[in-house]
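For reference, the structure discussed in these notes is given below.
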Amino acid sequence: MNRLVVNFQKGTNSVTVFAYLINVILISLLYNNPIITVGILIMLVIMSILTRPGKVISYLKFSSIIFFVTVLFNVLINQRGTNILWSFSFLKITQESLINGVILGISFVNLLWAFYIYDSLIRVKTIFELLSNFLKSIAVIFILTIKFIPEIIQIFTETQVMNRFRTTSFKQAKSLNKIKQQISLTEVVLNKSIAKFMNVSDTLILKGYEQRHKNIGWLEFKRLDWTLITTMLLSVFFNITMSVLKIGRVDFGSAKLNILSDKGIWFVLIINSCLILLPILIGGGNYLWWRFYSSKITVSNTITAKDYR
Amino acid sequence: MIGETGSGKSTLLKQMLPDLTVGKVTAGGLITSFPRTVDNFAYVSQFVDNQMIMETPRDELKFVLDNQGCSQNEIQLRITEIASYLGIISLLDTKSEELSGGQKQLVNLASALILKPKVLLLDEPTAQLDPIASEKLMQIVQKVNEELDMTIVLVEHEINQEIRFANRFLIMEDGKLILNKSVEDGLQAIYLNIKYRNYLTQIDRLYLELGLKSSASVPLSNKQLGQIVLKNKSKLQFVSPKRAITEVNKIILDVNKLNFRFDFNGRQVIDNVSFKLRQGASYCVVGPNGMGKTTLLKVITQQLKKQSGRIEFNGKKLASSAYQEMFVLPQNPAALFMKDTVKDELLYQLGQNQSDVELENVLNKYSLAGLENVSPYDLSGGQQEFLALALGFIKNPQILFLDEPTKGLDPNKRIKLGEMLRVFQANGGTIFTNSHDLLFAAKYSDQVAMMFDGKLSEFSDPVTFFENKFFYTTEINKALRNIFPAALSWEDIQKSES
């Protein structure tokens with residue numbers, strides 16, 4: 001993780017980070033003007049690279065597939081539009097349906113990247129506490145899901161691999177047999193997972209969750225937390241207002257597409273880009289403050305020779 | 001408290017916390033002046049990885065205190081106290097996946113102690129740790145006992161050096177407490193009981209076997225034994241253990257300059273490792289947790305793809321079908337199970353190998369008689385290990401790969417396992433083991449090597465390997481290195497006949 005993002009995470013509490021993530025998801029949901037969505041996509045990818053670079057490539061492949069599938073489906077289903085690009089029998093591809101498909105595809109991809117950032121920055125504790133506020137059992141299901149889906153995948157892979165060592169012949173199964181094998185493997189994996197789930201249930205008992213007295217754990221709110229939460233609330237108000245005013249939105253699915261690129265669009269894009277890049281801006285600000293002010297007035301804690309004179 | 005695998009030790013321990021119990025109390029009851037809640041009875045299990053819910057130790061400790069409704073100030077104070085006391089301040093913000101097994105178990109202990117319990121229940125807390133990490137954890141447990149005067153109930157498969165700090169010694173057998181005595185009396189009693197004699201520590205076993213006159217009483221420390229043996233050196237002799245000499249010189253597996261890492265810029269988990277395995281020999285790799293032993297095993301058995309290097313099996317490049325001639329017993333033996341009952345597991349394996357061995361014989365041989373209709377997942381850790389071994393021996397592969405095979409086994413079962421491995425070896429089988437169990441490595445391996453930071457040392461025979469180790473060696477070797485440097489187990493020292 002980039003050190004500026006780490007600085008942001010260290011300087012804020014988990015509720016502030018959660019508010020930031022919800023705001024990012026909202027931004028990626030509300031607009032469909034291509035200029036804004038492409039701009040947002042770039043910002044989201046930049047943030048994703050800075051928060052969890054390790055999985056960006058594989059996620060890029062996954063989101064590209066989603067993008068192309070979305071465009072393809074839209075082009076096939078949406079037959080409206082006047083500028084025909086290609087036609088075959090009853091199927092026609094129009095410029096409008098293609099643009100609609102691209103807009104929808106980018107919007108989907110934006111949402112996926114927003115969740116990528118969410119997954120990288122969210123802490124189990126935050127969600128758990130927010131959920132346990134409403135329903136204890138849902139919070140438990142959440143823990144099981146978030147903690148054990150990766151484990152179930154691991155059990156599946158492990159069982160598949162270990163099963164090979166029990167066989168004595170090298171057989172290439174036919175498709176029907178392969179399906180049967182997969183079904184029985186899934187059953188085995190579920191059996192194994194249940195044992196793991198029981199362990200978590202025991203752990204929750206041992207941690208006193210059954211007798212939980214408080215719904216929300218203790219959190220410390222610093223000035224930066226309040227400032228950021230206020231910023232997020234203003235951002236939500238701003239984005240919903242823009243959306244109601246139809247700034248940054250195109251008449252989706254219409255036969256006549258009118259894509260605006262006026263000052264309002266650029267203003268929305270700049271504001272939202274800043275909001276997405278907020279961890280970098282905050283971390284960057286803190287870095288500059290440290291580099292050019294704090295480090296000059298702070299005595300280093302490195303042991304110097306004078307200590308030994 | 002010790003006892004055979006599946007004797008009911010953990011079940012008894014969990015009775016202190018009614019929420020953890022499975023089944024019904026049919027008679028009797030527990031008498032205690034405290035309510036049986038988690039703030040009075042803290043429990044730490046052997047499952048190192050499953051005990052943390054949150055992402056960091058700090059969040060975990062906060063979660064426990066939040067559940068108790070503690071105030072902000074109290075949370076802060078209690079975390080500070082426990083983290084300083086257990087020396088885990090630097091770990092508080094480390095992500096759980098970055099913690100080693102020993103560190104995780106320390107955090108689990110911290111979450112148990114943060115509620116200031118009256119009784120600490122430890123259910124095989126060191127089962128998944130390497131010897132050094134186990135020792136560190138038990139030193140802290142002793143500190144808690146000594147300094148805080150906290151009652152501790154420790155359940156183990158075997159008696160370790162910690163017995164010196166215990167006040168009472170208990171044995172559980174088939175659901176009954178058959179012994180409840182002071183430690184000294186208890187140890188003397190089990191020496192006379194052939195079934196439990198092997199449970200004694202190597203130090204106490206040697207002392208009692210030699211019957212030397214001394215004012216010291218069991219349990220002894222390494223230092224005490226060293227002094228007693230030194231005094232009686234003239235009456236004692238080193239007896240070199242008899243080992244079957246491997247005649248076959250055929251190289252079955254040749255690994256050359258193997259490399260593996262998980263991330264692009266990550267640590268080299270296997271770093272240019274080269275070695276050869278000869279047919280009919282047994283090899284053991286020892287080393288601390290997280291040093292690449294399991295990864296090495298996974299790469300050479302093709303569970304993970306090697307990134308560079310060459311592996312030859314029977315003189316040819318390792319083919320993807322090589323698993324037909326190999327069997328892997330993983331750290332978690334349950335990963336091998338595919339069926340609903342023990343009987344189905346064994347019948348499936350017998351069918352795979354078209355073996356005409358009777359099911360009943362297999363059940364008896366592997367101490368599984370009476371468990372045929374039990375789900376393999378409901379077996380105790382040691383029973384699961386033996387079931388998995390049964391599957392391996394039925395397959396009768398050319399190479400048997402064992403990852404921590406003694407984990408969860410009581411001393412008698414370990415000896416049984418060692419004997420079964422010797423038979424397999426005598427029939428031409430090759431064994432490659434990863435183990436923390438230094439005594440097992442010393443007794444049942446022809447060649448031992450150590451893995452650290454992805455590098456594998458050269459294989460050498462156990463005496464050569466262990467005699468120049470200072471910390472990473474058997475207790476007998478630590479105690480008697482200046483008197484009998486080649487002695488690794490109690491059997492290596494005997495009274496002189498003259």
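The way I read the labels, and the way they are meant: chains A, B, ... in the order of the structure tokens, residue 1 as the first residue of every chain, and ligand 1 as the first ligand shown, with later ones counted on from there.
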Residue contacts of Tyr85 in chain B (10 Å, only C-alpha atoms) excluding same-chain residues fewer than 4 positions away, as a ChimeraX atom specification: /B:79-81,89,110,140,143-144
How would you write, as a tab-separated table (two decimals) with all heavy atoms, in the first residue's frame, the set of residues in range 214-353 of chain B that DSSP gives as strand (DSSP E or B)?
chain	number	residue	atom	x	y	z
B	236	LEU	N	28.35	-45.41	33.48
B	236	LEU	CA	27.45	-45.31	32.32
B	236	LEU	C	28.21	-45.41	31.00
B	236	LEU	O	29.40	-45.15	30.95
B	236	LEU	CB	26.68	-43.98	32.36
B	236	LEU	CG	25.87	-43.71	33.64
B	236	LEU	CD1	25.34	-42.29	33.64
B	236	LEU	CD2	24.72	-44.71	33.77
B	237	GLN	N	27.48	-45.77	29.98
B	237	GLN	CA	28.10	-45.82	28.64
B	237	GLN	C	27.10	-45.37	27.58
B	237	GLN	O	25.88	-45.49	27.75
B	237	GLN	CB	28.58	-47.24	28.35
B	237	GLN	CG	27.44	-48.25	28.32
B	237	GLN	CD	27.90	-49.63	27.89
B	237	GLN	OE1	29.03	-49.82	27.47
B	237	GLN	NE2	27.02	-50.60	28.00
B	238	PHE	N	27.66	-44.86	26.49
B	238	PHE	CA	26.82	-44.48	25.35
B	238	PHE	C	26.62	-45.72	24.46
B	238	PHE	O	27.58	-46.41	24.12
B	238	PHE	CB	27.50	-43.36	24.54
B	238	PHE	CG	26.86	-43.10	23.22
B	238	PHE	CD1	25.60	-42.53	23.13
B	238	PHE	CD2	27.50	-43.47	22.04
B	238	PHE	CE1	25.00	-42.30	21.91
B	238	PHE	CE2	26.90	-43.24	20.81
B	238	PHE	CZ	25.65	-42.66	20.74
B	251	ILE	N	18.90	-43.45	-6.74
B	251	ILE	CA	18.32	-42.15	-6.40
B	251	ILE	C	16.91	-42.10	-6.96
B	251	ILE	O	16.70	-42.28	-8.16
B	251	ILE	CB	19.19	-41.00	-6.96
B	251	ILE	CG1	20.50	-40.97	-6.17
B	251	ILE	CG2	18.48	-39.67	-6.85
B	251	ILE	CD1	21.56	-40.14	-6.77
B	252	ILE	N	15.96	-41.88	-6.07
B	252	ILE	CA	14.56	-41.90	-6.50
B	252	ILE	C	14.07	-40.49	-6.84
B	252	ILE	O	13.28	-40.30	-7.76
B	252	ILE	CB	13.68	-42.60	-5.44
B	252	ILE	CG1	12.29	-42.89	-6.01
B	252	ILE	CG2	13.58	-41.82	-4.16
B	252	ILE	CD1	11.50	-43.89	-5.21
B	253	LEU	N	14.57	-39.51	-6.10
B	253	LEU	CA	14.14	-38.12	-6.36
B	253	LEU	C	15.38	-37.22	-6.33
B	253	LEU	O	16.15	-37.26	-5.38
B	253	LEU	CB	13.14	-37.65	-5.31
B	253	LEU	CG	12.39	-36.38	-5.66
B	253	LEU	CD1	11.20	-36.68	-6.57
B	253	LEU	CD2	11.88	-35.69	-4.41
B	254	ASP	N	15.54	-36.47	-7.40
B	254	ASP	CA	16.70	-35.58	-7.51
B	254	ASP	C	16.21	-34.15	-7.71
B	254	ASP	O	15.58	-33.85	-8.73
B	254	ASP	CB	17.56	-36.04	-8.70
B	254	ASP	CG	18.86	-35.25	-8.79
B	254	ASP	OD1	19.01	-34.28	-8.02
B	254	ASP	OD2	19.72	-35.60	-9.63
B	255	VAL	N	16.43	-33.34	-6.72
B	255	VAL	CA	15.96	-31.94	-6.79
B	255	VAL	C	17.18	-31.06	-6.98
B	255	VAL	O	18.16	-31.16	-6.24
B	255	VAL	CB	15.21	-31.56	-5.48
B	255	VAL	CG1	14.84	-30.09	-5.48
B	255	VAL	CG2	13.98	-32.43	-5.32
B	256	ASN	N	17.12	-30.19	-7.99
B	256	ASN	CA	18.28	-29.38	-8.30
B	256	ASN	C	17.93	-27.91	-8.48
B	256	ASN	O	17.08	-27.56	-9.30
B	256	ASN	CB	18.92	-29.93	-9.60
B	256	ASN	CG	20.33	-29.45	-9.77
B	256	ASN	OD1	20.92	-28.89	-8.85
B	256	ASN	ND2	20.86	-29.64	-10.95
B	257	LYS	N	18.53	-27.08	-7.67
B	257	LYS	CA	18.39	-25.61	-7.74
B	257	LYS	C	16.93	-25.18	-7.84
B	257	LYS	O	16.56	-24.43	-8.75
B	257	LYS	CB	19.21	-25.05	-8.89
B	257	LYS	CG	20.69	-25.20	-8.63
B	257	LYS	CD	21.53	-24.56	-9.68
B	257	LYS	CE	23.00	-24.71	-9.31
B	257	LYS	NZ	23.89	-24.35	-10.36
B	258	LEU	N	16.14	-25.64	-6.91
B	258	LEU	CA	14.71	-25.33	-6.90
B	258	LEU	C	14.49	-23.96	-6.27
B	258	LEU	O	15.09	-23.63	-5.25
B	258	LEU	CB	13.99	-26.41	-6.09
B	258	LEU	CG	12.49	-26.53	-6.27
B	258	LEU	CD1	12.16	-26.99	-7.67
B	258	LEU	CD2	11.92	-27.51	-5.25
B	259	ASN	N	13.61	-23.18	-6.90
B	259	ASN	CA	13.29	-21.85	-6.37
B	259	ASN	C	11.79	-21.64	-6.38
B	259	ASN	O	11.11	-22.09	-7.29
B	259	ASN	CB	13.94	-20.76	-7.24
B	259	ASN	CG	15.42	-20.66	-6.99
B	259	ASN	OD1	15.85	-20.15	-5.97
B	259	ASN	ND2	16.21	-21.21	-7.90
B	260	PHE	N	11.32	-20.93	-5.37
B	260	PHE	CA	9.88	-20.61	-5.33
B	260	PHE	C	9.65	-19.40	-4.44
B	260	PHE	O	10.27	-19.26	-3.39
B	260	PHE	CB	9.09	-21.81	-4.79
B	260	PHE	CG	7.60	-21.60	-4.82
B	260	PHE	CD1	6.87	-21.91	-5.96
B	260	PHE	CD2	6.93	-21.07	-3.73
B	260	PHE	CE1	5.50	-21.71	-6.00
B	260	PHE	CE2	5.56	-20.85	-3.76
B	260	PHE	CZ	4.85	-21.18	-4.90
B	261	ARG	N	8.78	-18.53	-4.89
B	261	ARG	CA	8.32	-17.43	-4.03
B	261	ARG	C	6.87	-17.14	-4.39
B	261	ARG	O	6.42	-17.49	-5.48
B	261	ARG	CB	9.21	-16.18	-4.17
B	261	ARG	CG	9.25	-15.59	-5.56
B	261	ARG	CD	10.06	-14.29	-5.55
B	261	ARG	NE	9.96	-13.65	-6.84
B	261	ARG	CZ	10.85	-13.75	-7.82
B	261	ARG	NH1	11.92	-14.51	-7.63
B	261	ARG	NH2	10.68	-13.12	-8.96
B	268	GLN	N	12.09	-15.18	-0.94
B	268	GLN	CA	12.38	-16.44	-1.63
B	268	GLN	C	12.07	-17.57	-0.65
B	268	GLN	O	12.87	-17.85	0.25
B	268	GLN	CB	13.86	-16.44	-2.04
B	268	GLN	CG	14.21	-17.37	-3.15
B	268	GLN	CD	13.65	-16.93	-4.51
B	268	GLN	OE1	13.54	-15.75	-4.78
B	268	GLN	NE2	13.29	-17.90	-5.34
B	269	VAL	N	10.89	-18.18	-0.78
B	269	VAL	CA	10.48	-19.19	0.20
B	269	VAL	C	11.31	-20.46	0.03
B	269	VAL	O	11.66	-21.14	1.00
B	269	VAL	CB	8.97	-19.51	0.06
B	269	VAL	CG1	8.51	-20.47	1.15
B	269	VAL	CG2	8.16	-18.23	0.14
B	270	ILE	N	11.64	-20.78	-1.24
B	270	ILE	CA	12.60	-21.87	-1.51
B	270	ILE	C	13.72	-21.25	-2.31
B	270	ILE	O	13.49	-20.69	-3.38
B	270	ILE	CB	11.93	-23.02	-2.30
B	270	ILE	CG1	10.77	-23.59	-1.50
B	270	ILE	CG2	12.95	-24.11	-2.63
B	270	ILE	CD1	9.99	-24.62	-2.26
B	271	ASP	N	14.91	-21.31	-1.75
B	271	ASP	CA	16.01	-20.54	-2.32
B	271	ASP	C	17.12	-21.48	-2.79
B	271	ASP	O	17.96	-21.93	-2.00
B	271	ASP	CB	16.52	-19.56	-1.24
B	271	ASP	CG	17.43	-18.51	-1.81
B	271	ASP	OD1	17.69	-18.56	-3.02
B	271	ASP	OD2	17.88	-17.64	-1.04
B	272	ASN	N	17.07	-21.81	-4.08
B	272	ASN	CA	18.13	-22.62	-4.69
B	272	ASN	C	18.39	-23.93	-3.93
B	272	ASN	O	19.53	-24.23	-3.59
B	272	ASN	CB	19.43	-21.79	-4.74
B	272	ASN	CG	19.95	-21.71	-6.14
B	272	ASN	OD1	19.19	-21.92	-7.11
B	272	ASN	ND2	21.23	-21.45	-6.30
B	273	VAL	N	17.34	-24.65	-3.69
B	273	VAL	CA	17.46	-25.87	-2.88
B	273	VAL	C	17.79	-27.07	-3.77
B	273	VAL	O	17.17	-27.27	-4.81
B	273	VAL	CB	16.14	-26.12	-2.11
B	273	VAL	CG1	16.07	-27.54	-1.56
B	273	VAL	CG2	16.00	-25.11	-0.97
B	274	SER	N	18.78	-27.84	-3.37
B	274	SER	CA	19.17	-29.07	-4.10
B	274	SER	C	19.35	-30.20	-3.10
B	274	SER	O	19.94	-30.00	-2.04
B	274	SER	CB	20.49	-28.88	-4.84
B	274	SER	OG	20.40	-27.81	-5.73
B	275	PHE	N	18.83	-31.37	-3.42
B	275	PHE	CA	19.08	-32.57	-2.61
B	275	PHE	C	18.67	-33.80	-3.39
B	275	PHE	O	18.00	-33.70	-4.43
B	275	PHE	CB	18.32	-32.51	-1.26
B	275	PHE	CG	16.83	-32.44	-1.39
B	275	PHE	CD1	16.05	-33.59	-1.44
B	275	PHE	CD2	16.18	-31.20	-1.46
B	275	PHE	CE1	14.67	-33.52	-1.55
B	275	PHE	CE2	14.81	-31.12	-1.58
B	275	PHE	CZ	14.05	-32.28	-1.63
B	276	LYS	N	19.11	-34.94	-2.90
B	276	LYS	CA	18.77	-36.22	-3.54
B	276	LYS	C	18.18	-37.16	-2.51
B	276	LYS	O	18.67	-37.20	-1.37
B	276	LYS	CB	20.03	-36.87	-4.14
B	276	LYS	CG	20.60	-36.16	-5.34
B	276	LYS	CD	21.84	-36.89	-5.82
B	276	LYS	CE	22.37	-36.35	-7.13
B	276	LYS	NZ	22.99	-35.04	-7.05
B	277	LEU	N	17.15	-37.90	-2.88
B	277	LEU	CA	16.59	-38.91	-1.98
B	277	LEU	C	16.89	-40.29	-2.55
B	277	LEU	O	16.64	-40.54	-3.73
B	277	LEU	CB	15.06	-38.75	-1.86
B	277	LEU	CG	14.48	-37.41	-1.41
B	277	LEU	CD1	12.98	-37.53	-1.21
B	277	LEU	CD2	15.13	-36.93	-0.11
B	278	ARG	N	17.46	-41.16	-1.69
B	278	ARG	CA	17.76	-42.52	-2.13
B	278	ARG	C	16.61	-43.44	-1.74
B	278	ARG	O	16.00	-43.27	-0.68
B	278	ARG	CB	19.06	-43.01	-1.48
B	278	ARG	CG	20.24	-42.29	-2.03
B	278	ARG	CD	21.54	-42.74	-1.40
B	278	ARG	NE	22.58	-41.83	-1.79
B	278	ARG	CZ	23.22	-41.86	-2.97
B	278	ARG	NH1	22.91	-42.81	-3.85
B	278	ARG	NH2	24.13	-40.97	-3.25
B	282	SER	N	15.06	-42.78	4.86
B	282	SER	CA	14.09	-41.81	5.40
B	282	SER	C	14.81	-40.49	5.68
B	282	SER	O	15.92	-40.48	6.22
B	282	SER	CB	13.43	-42.35	6.66
B	282	SER	OG	14.40	-42.58	7.64
B	283	TYR	N	14.16	-39.42	5.30
B	283	TYR	CA	14.74	-38.08	5.41
B	283	TYR	C	13.82	-37.22	6.23
B	283	TYR	O	12.60	-37.32	6.11
B	283	TYR	CB	14.90	-37.46	4.01
B	283	TYR	CG	15.83	-38.25	3.13
B	283	TYR	CD1	15.38	-39.39	2.45
B	283	TYR	CD2	17.16	-37.88	2.97
B	283	TYR	CE1	16.23	-40.13	1.65
B	283	TYR	CE2	18.02	-38.62	2.17
B	283	TYR	CZ	17.56	-39.74	1.52
B	283	TYR	OH	18.40	-40.47	0.73
B	284	CYS	N	14.39	-36.34	7.03
B	284	CYS	CA	13.54	-35.44	7.81
B	284	CYS	C	14.09	-34.03	7.73
B	284	CYS	O	15.29	-33.80	7.88
B	284	CYS	CB	13.50	-35.89	9.27
B	284	CYS	SG	12.32	-34.93	10.22
B	285	VAL	N	13.18	-33.09	7.46
B	285	VAL	CA	13.57	-31.67	7.43
B	285	VAL	C	12.99	-31.02	8.68
B	285	VAL	O	11.78	-31.10	8.92
B	285	VAL	CB	13.03	-30.97	6.16
B	285	VAL	CG1	13.37	-29.49	6.19
B	285	VAL	CG2	13.60	-31.62	4.92
B	286	VAL	N	13.86	-30.44	9.49
B	286	VAL	CA	13.39	-29.75	10.69
B	286	VAL	C	13.61	-28.24	10.49
B	286	VAL	O	14.28	-27.83	9.56
B	286	VAL	CB	14.13	-30.24	11.96
B	286	VAL	CG1	13.87	-31.69	12.24
B	286	VAL	CG2	15.64	-29.98	11.86
B	308	SER	N	11.62	-22.27	-10.85
B	308	SER	CA	12.83	-22.65	-11.59
B	308	SER	C	13.47	-23.83	-10.88
B	308	SER	O	13.15	-24.12	-9.74
B	308	SER	CB	13.80	-21.47	-11.71
B	308	SER	OG	14.35	-21.18	-10.46
B	309	GLY	N	14.36	-24.50	-11.59
B	309	GLY	CA	15.01	-25.68	-11.03
B	309	GLY	C	14.53	-26.94	-11.73
B	309	GLY	O	13.64	-26.88	-12.60
B	310	ARG	N	15.14	-28.06	-11.34
B	310	ARG	CA	14.81	-29.33	-12.00
B	310	ARG	C	14.47	-30.39	-10.95
B	310	ARG	O	15.14	-30.48	-9.92
B	310	ARG	CB	16.02	-29.78	-12.83
B	310	ARG	CG	15.70	-30.79	-13.91
B	310	ARG	CD	16.96	-31.33	-14.55
B	310	ARG	NE	17.67	-32.23	-13.66
B	310	ARG	CZ	18.92	-32.05	-13.27
B	310	ARG	NH1	19.61	-31.03	-13.68
B	310	ARG	NH2	19.50	-32.91	-12.45
B	311	ILE	N	13.41	-31.15	-11.21
B	311	ILE	CA	13.08	-32.27	-10.31
B	311	ILE	C	13.02	-33.53	-11.17
B	311	ILE	O	12.30	-33.57	-12.18
B	311	ILE	CB	11.72	-32.06	-9.60
B	311	ILE	CG1	11.67	-30.71	-8.87
B	311	ILE	CG2	11.46	-33.20	-8.61
B	311	ILE	CD1	10.33	-30.38	-8.25
B	312	GLU	N	13.80	-34.54	-10.77
B	312	GLU	CA	13.76	-35.82	-11.48
B	312	GLU	C	13.24	-36.89	-10.55
B	312	GLU	O	13.65	-36.97	-9.39
B	312	GLU	CB	15.15	-36.20	-11.99
B	312	GLU	CG	15.57	-35.39	-13.19
B	312	GLU	CD	16.92	-35.81	-13.74
B	312	GLU	OE1	17.49	-36.81	-13.26
B	312	GLU	OE2	17.41	-35.11	-14.65
B	313	PHE	N	12.32	-37.70	-11.08
B	313	PHE	CA	11.76	-38.80	-10.30
B	313	PHE	C	12.10	-40.09	-11.03
B	313	PHE	O	11.78	-40.23	-12.22
B	313	PHE	CB	10.24	-38.59	-10.20
B	313	PHE	CG	9.53	-39.66	-9.42
B	313	PHE	CD1	9.89	-39.96	-8.11
B	313	PHE	CD2	8.47	-40.37	-9.98
B	313	PHE	CE1	9.23	-40.94	-7.40
B	313	PHE	CE2	7.81	-41.35	-9.28
B	313	PHE	CZ	8.18	-41.63	-7.97
B	316	LYS	N	13.88	-39.60	-14.38
B	316	LYS	CA	13.24	-38.85	-15.46
B	316	LYS	C	12.62	-37.57	-14.91
B	316	LYS	O	12.32	-37.50	-13.71
B	316	LYS	CB	12.12	-39.69	-16.09
B	316	LYS	CG	12.63	-40.86	-16.91
B	316	LYS	CD	11.46	-41.68	-17.40
B	316	LYS	CE	11.97	-42.97	-18.03
B	316	LYS	NZ	10.91	-43.96	-18.16
B	317	LYS	N	12.42	-36.62	-15.81
B	317	LYS	CA	11.80	-35.36	-15.40
B	317	LYS	C	10.45	-35.66	-14.73
B	317	LYS	O	9.68	-36.48	-15.25
B	317	LYS	CB	11.60	-34.48	-16.65
B	317	LYS	CG	11.21	-33.07	-16.33
B	317	LYS	CD	11.00	-32.29	-17.62
B	317	LYS	CE	10.22	-31.04	-17.33
B	317	LYS	NZ	9.71	-30.42	-18.53
B	326	MET	N	3.18	-41.47	-5.38
B	326	MET	CA	3.49	-40.71	-4.17
B	326	MET	C	2.26	-40.66	-3.27
B	326	MET	O	1.14	-40.81	-3.75
B	326	MET	CB	3.84	-39.25	-4.53
B	326	MET	CG	5.06	-39.10	-5.37
B	326	MET	SD	5.24	-37.36	-5.84
B	326	MET	CE	6.84	-37.41	-6.63
B	327	PHE	N	2.50	-40.43	-1.99
B	327	PHE	CA	1.38	-40.16	-1.09
B	327	PHE	C	1.80	-39.03	-0.17
B	327	PHE	O	2.91	-39.03	0.34
B	327	PHE	CB	0.99	-41.39	-0.28
B	327	PHE	CG	-0.22	-41.15	0.59
B	327	PHE	CD1	-1.51	-41.26	0.05
B	327	PHE	CD2	-0.09	-40.80	1.93
B	327	PHE	CE1	-2.64	-41.01	0.84
B	327	PHE	CE2	-1.21	-40.56	2.71
B	327	PHE	CZ	-2.48	-40.67	2.16
B	328	VAL	N	0.89	-38.07	0.01
B	328	VAL	CA	1.21	-36.93	0.88
B	328	VAL	C	0.27	-36.94	2.07
B	328	VAL	O	-0.95	-36.99	1.91
B	328	VAL	CB	1.07	-35.59	0.11
B	328	VAL	CG1	1.31	-34.42	1.05
B	328	VAL	CG2	2.01	-35.53	-1.05
B	329	LEU	N	0.85	-36.92	3.26
B	329	LEU	CA	0.05	-36.73	4.47
B	329	LEU	C	0.21	-35.26	4.84
B	329	LEU	O	1.26	-34.86	5.33
B	329	LEU	CB	0.56	-37.64	5.59
B	329	LEU	CG	-0.15	-37.45	6.92
B	329	LEU	CD1	-1.50	-38.12	6.94
B	329	LEU	CD2	0.68	-38.00	8.06
Surrounding residues of Lys14 in chain B excluding itself and chain neighbours under 3 positions, 12 Å, only C-alpha atoms, as a VMD selection string: (chain A and resid 202 206) or (chain B and resid 8 to 11 17 to 23 25 30 36 to 38 41 to 45 120 to 123 153 155)
Residue neighbourhood range 3-16 of chain A, 10 Å, only C-alpha atoms, exclusion window fewer than 6 positions, as a PyMOL selection string: chain A and resi 22+47+50-51+121-127+130+219-230+232+277-287
Can you write out the residues you just picked, keeping C-alpha atoms, as an mmCIF file, in the first residue's frame?
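New file part_31.cif:
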data_model
loop_
_atom_site.group_PDB
_atom_site.id
_atom_site.type_symbol
_atom_site.label_atom_id
_atom_site.label_comp_id
_atom_site.auth_asym_id
_atom_site.auth_seq_id
_atom_site.Cartn_x
_atom_site.Cartn_y
_atom_site.Cartn_z
ATOM 1 C CA ILE A 22 -19.492 4.707 0.864
ATOM 2 C CA MET A 47 -6.492 4.651 -6.126
ATOM 3 C CA LEU A 50 -2.031 2.726 -4.718
ATOM 4 C CA THR A 51 -4.065 0.745 -2.192
ATOM 5 C CA LEU A 121 -9.431 -0.415 2.926
ATOM 6 C CA ILE A 122 -12.363 -1.689 4.974
ATOM 7 C CA ARG A 123 -11.736 -3.219 8.376
ATOM 8 C CA VAL A 124 -13.755 -6.202 9.537
ATOM 9 C CA LYS A 125 -14.297 -4.503 12.887
ATOM 10 C CA THR A 126 -16.194 -1.551 11.359
ATOM 11 C CA ILE A 127 -18.674 -3.596 9.381
ATOM 12 C CA LEU A 130 -22.294 -1.559 12.299
ATOM 13 C CA LEU A 219 -13.872 4.808 18.683
ATOM 14 C CA GLU A 220 -11.818 7.940 19.008
ATOM 15 C CA PHE A 221 -12.789 10.834 16.723
ATOM 16 C CA LYS A 222 -10.026 13.332 16.050
ATOM 17 C CA ARG A 223 -10.434 16.698 14.356
ATOM 18 C CA LEU A 224 -9.489 15.161 10.996
ATOM 19 C CA ASP A 225 -12.222 12.530 11.403
ATOM 20 C CA TRP A 226 -14.893 15.165 11.991
ATOM 21 C CA THR A 227 -13.600 17.258 9.082
ATOM 22 C CA LEU A 228 -13.663 14.308 6.727
ATOM 23 C CA ILE A 229 -17.062 13.049 7.845
ATOM 24 C CA THR A 230 -18.468 16.551 7.303
ATOM 25 C CA MET A 232 -18.412 13.262 3.032
ATOM 26 C CA LEU A 277 -8.244 10.745 -4.346
ATOM 27 C CA LEU A 278 -8.901 12.084 -0.839
ATOM 28 C CA PRO A 279 -6.555 9.588 0.920
ATOM 29 C CA ILE A 280 -3.716 10.674 -1.376
ATOM 30 C CA LEU A 281 -4.500 14.353 -0.881
ATOM 31 C CA ILE A 282 -4.708 14.007 2.904
ATOM 32 C CA GLY A 283 -1.617 11.784 3.033
ATOM 33 C CA GLY A 284 0.202 14.117 0.629
ATOM 34 C CA GLY A 285 -0.737 17.176 2.691
ATOM 35 C CA ASN A 286 0.486 15.471 5.841
ATOM 36 C CA TYR A 287 3.706 14.485 4.098
#
Expected answer as a ChimeraX atom specification: helix (DSSP H, G or I) residues in range 112-195 of chain B: /B:112-113,131-148,161-165,183-192
6 Å contacts from chain B to chain A using only C-alpha atoms, as a PyMOL selection string: chain B and resi 38+51+64+66-69+72+323-324+327+335-336+338
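Here CA of Val48 in chain B stands at a distance of 16.9 Å from CA of Ser193 in chain A.
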Selection near Leu346 in chain B, 9 Å with only C-alpha atoms, sequence-local residues under 5 positions removed, as an NGL selection string: :B and (341 or 351 or 359 or 362-363 or 387 or 390-391 or 394)
